[in-house]
Amino acid sequence: MDLFKTRSNQPEPSEINHAQPPRRRRRIIVALTGATGSILGIKTLIALRQLNIETHLVISKWAEATIKYETDYTIPNIRALADNVYNINDMSAPIASGSFRVDGMLVVPCSVKTLAAINSGICDDLICRAADVVLKERRRLVLAVRETPLSSIHLQNMLSVTQAGGIIFPPVPAFYVKPSSVDELVDHSVGRMLDLFDLDTGDFERWEGWKK
Ligand SMILES: Cc1cc2nc3c(=O)[nH]c(=O)nc-3n(C[C@H](O)[C@H](O)[C@H](O)COP(=O)(O)O)c2cc1C
């Protein structure tokens, strides 16, 4: 038998189609919880839409209450900003499983209640379950925890989530941009948060040394 003979049913290397299937859009889960600062979550959704990121949105019951109290946005307005929206009790949603590939998750704003639930691993709603999945799959989890002052319980929960691979991102204002509006401070926080996903909103001033 001639081992070096080309087999007629095998394609020549030059005939093999090396074209890869088209890469999917980047996917990010966005969760809004009942801490004050709902505008941060809303502007995050707007920025991700402008960056053509596929968003998967969950809104908690108390987030709905703060959105209504703090902003002029309606819940249907906000839902319309996302590609996919899930009920917080829907444990059958794709984002409840690690086999559904996502590039990460942002909880913005993040209440200390949701921080505590994520830290404890109690997956009794879709936000905590999705965050738990993101951590176990070693994907990026960013929590924009919004509370002040902080108790040792909050600090311990933040440390422990950080040790599990999460990133705690308290949306603290950057006064060095000399903001002329709250909107500008919000855009700065949203921009810095999305930096953590290697996404550039191009919508805020970066520090480039003292201005001459
Ligand atoms: C107007 C308003 C502002 C709130 N601000 C905060 C806050 O900044 N941080 C926080 O952790 N909880 C805050 N809470 C309390 C949370 O909404 C509450 O703990 C709730 O259970 C959080 O649930 P969730 O994480 O499922 O949304 C606020 C509640 C209201 C009504």
# chains A, B, ... in the order shown; residues from 1 in each chain; ligands from 1
>>> residues_near_ligand(ligand="ligand 1", cutoff="7 Å", atoms="only C-alpha atoms and all ligand atoms", output="PyMOL selection string")
chain A and resi 33-36+60-63+65-66+110-114+146-147
>>> residues_around(residues="A:Thr201", least_positions_apart="6", cutoff="10 Å", atoms="only C-alpha atoms", output="ChimeraX atom specification")
/A:44,47-48,50-51,187-188,190-195
>>> write_last_selection(atoms="N, CA and C atoms", output="tab-separated table (two decimals), in the first residue's frame")
chain	number	residue	atom	x	y	z
A	44	THR	N	-25.83	53.33	31.29
A	44	THR	CA	-24.99	52.19	30.90
A	44	THR	C	-25.64	51.46	29.73
A	47	ALA	N	-25.19	53.54	26.61
A	47	ALA	CA	-23.81	53.47	26.10
A	47	ALA	C	-23.55	52.12	25.42
A	48	LEU	N	-24.05	51.04	26.01
A	48	LEU	CA	-23.82	49.71	25.41
A	48	LEU	C	-24.55	49.58	24.07
A	50	GLN	N	-25.06	52.10	22.04
A	50	GLN	CA	-24.26	52.87	21.07
A	50	GLN	C	-23.02	52.10	20.65
A	51	LEU	N	-22.52	51.24	21.53
A	51	LEU	CA	-21.32	50.45	21.22
A	51	LEU	C	-21.67	49.13	20.53
A	187	ASP	N	-21.75	60.21	33.26
A	187	ASP	CA	-21.05	59.74	32.05
A	187	ASP	C	-19.64	59.27	32.38
A	188	HIS	N	-18.99	59.97	33.32
A	188	HIS	CA	-17.64	59.58	33.72
A	188	HIS	C	-17.65	58.21	34.39
A	190	VAL	N	-19.96	55.86	34.11
A	190	VAL	CA	-20.34	54.83	33.13
A	190	VAL	C	-19.13	54.50	32.24
A	191	GLY	N	-18.42	55.53	31.81
A	191	GLY	CA	-17.24	55.32	30.97
A	191	GLY	C	-16.17	54.51	31.67
A	192	ARG	N	-15.92	54.82	32.95
A	192	ARG	CA	-14.89	54.10	33.70
A	192	ARG	C	-15.32	52.65	33.96
A	193	MET	N	-16.63	52.46	34.15
A	193	MET	CA	-17.14	51.09	34.36
A	193	MET	C	-16.94	50.25	33.09
A	194	LEU	N	-17.25	50.87	31.94
A	194	LEU	CA	-17.13	50.12	30.69
A	194	LEU	C	-15.68	49.92	30.28
A	195	ASP	N	-14.78	50.78	30.78
A	195	ASP	CA	-13.34	50.54	30.60
A	195	ASP	C	-12.98	49.13	31.10
>>> residues_around(residues="A:Arg79", least_positions_apart="6", cutoff="12 Å", atoms="only C-alpha atoms", output="PDB file with C-alpha atoms, in the first residue's frame")
ATOM      1  CA  VAL A  30     -27.042  44.463  32.888  1.00  0.00           C
ATOM      2  CA  ALA A  31     -28.929  44.305  36.180  1.00  0.00           C
ATOM      3  CA  LEU A  32     -30.539  47.295  37.854  1.00  0.00           C
ATOM      4  CA  GLY A  41     -27.883  51.796  34.952  1.00  0.00           C
ATOM      5  CA  ILE A  42     -29.972  53.591  32.342  1.00  0.00           C
ATOM      6  CA  LEU A  45     -27.676  50.608  28.729  1.00  0.00           C
ATOM      7  CA  ILE A  46     -27.617  53.612  26.373  1.00  0.00           C
ATOM      8  CA  THR A  55     -27.548  43.491  26.249  1.00  0.00           C
ATOM      9  CA  HIS A  56     -29.477  41.157  28.536  1.00  0.00           C
ATOM     10  CA  LEU A  57     -31.438  43.133  31.108  1.00  0.00           C
ATOM     11  CA  VAL A  58     -32.951  42.296  34.500  1.00  0.00           C
ATOM     12  CA  ILE A  59     -34.644  44.924  36.669  1.00  0.00           C
ATOM     13  CA  GLU A  64     -38.487  49.863  39.316  1.00  0.00           C
ATOM     14  CA  TYR A  73     -37.804  57.249  32.239  1.00  0.00           C
ATOM     15  CA  VAL A  85     -35.232  41.484  28.934  1.00  0.00           C
ATOM     16  CA  TYR A  86     -36.013  38.883  31.591  1.00  0.00           C
ATOM     17  CA  ASN A  87     -38.304  38.718  34.590  1.00  0.00           C
TER      18      ASN A  87
END
>>> select_by_dssp(residues="stretch 146-189 of chain A", states="alpha helix (DSSP H)", output="PyMOL selection string")
chain A and resi 152-163+182-189
>>> atom_distance(atom1="atom CA of A:Ile95", atom2="atom CA of A:Leu143")
16.8 Å
>>> atom_distance(atom1="atom CA of A:Met105", atom2="atom CA of A:Leu141")
4.9 Å
>>> atom_distance(atom1="atom CA of A:Val142", atom2="atom CA of A:Ser180")
27.0 Å
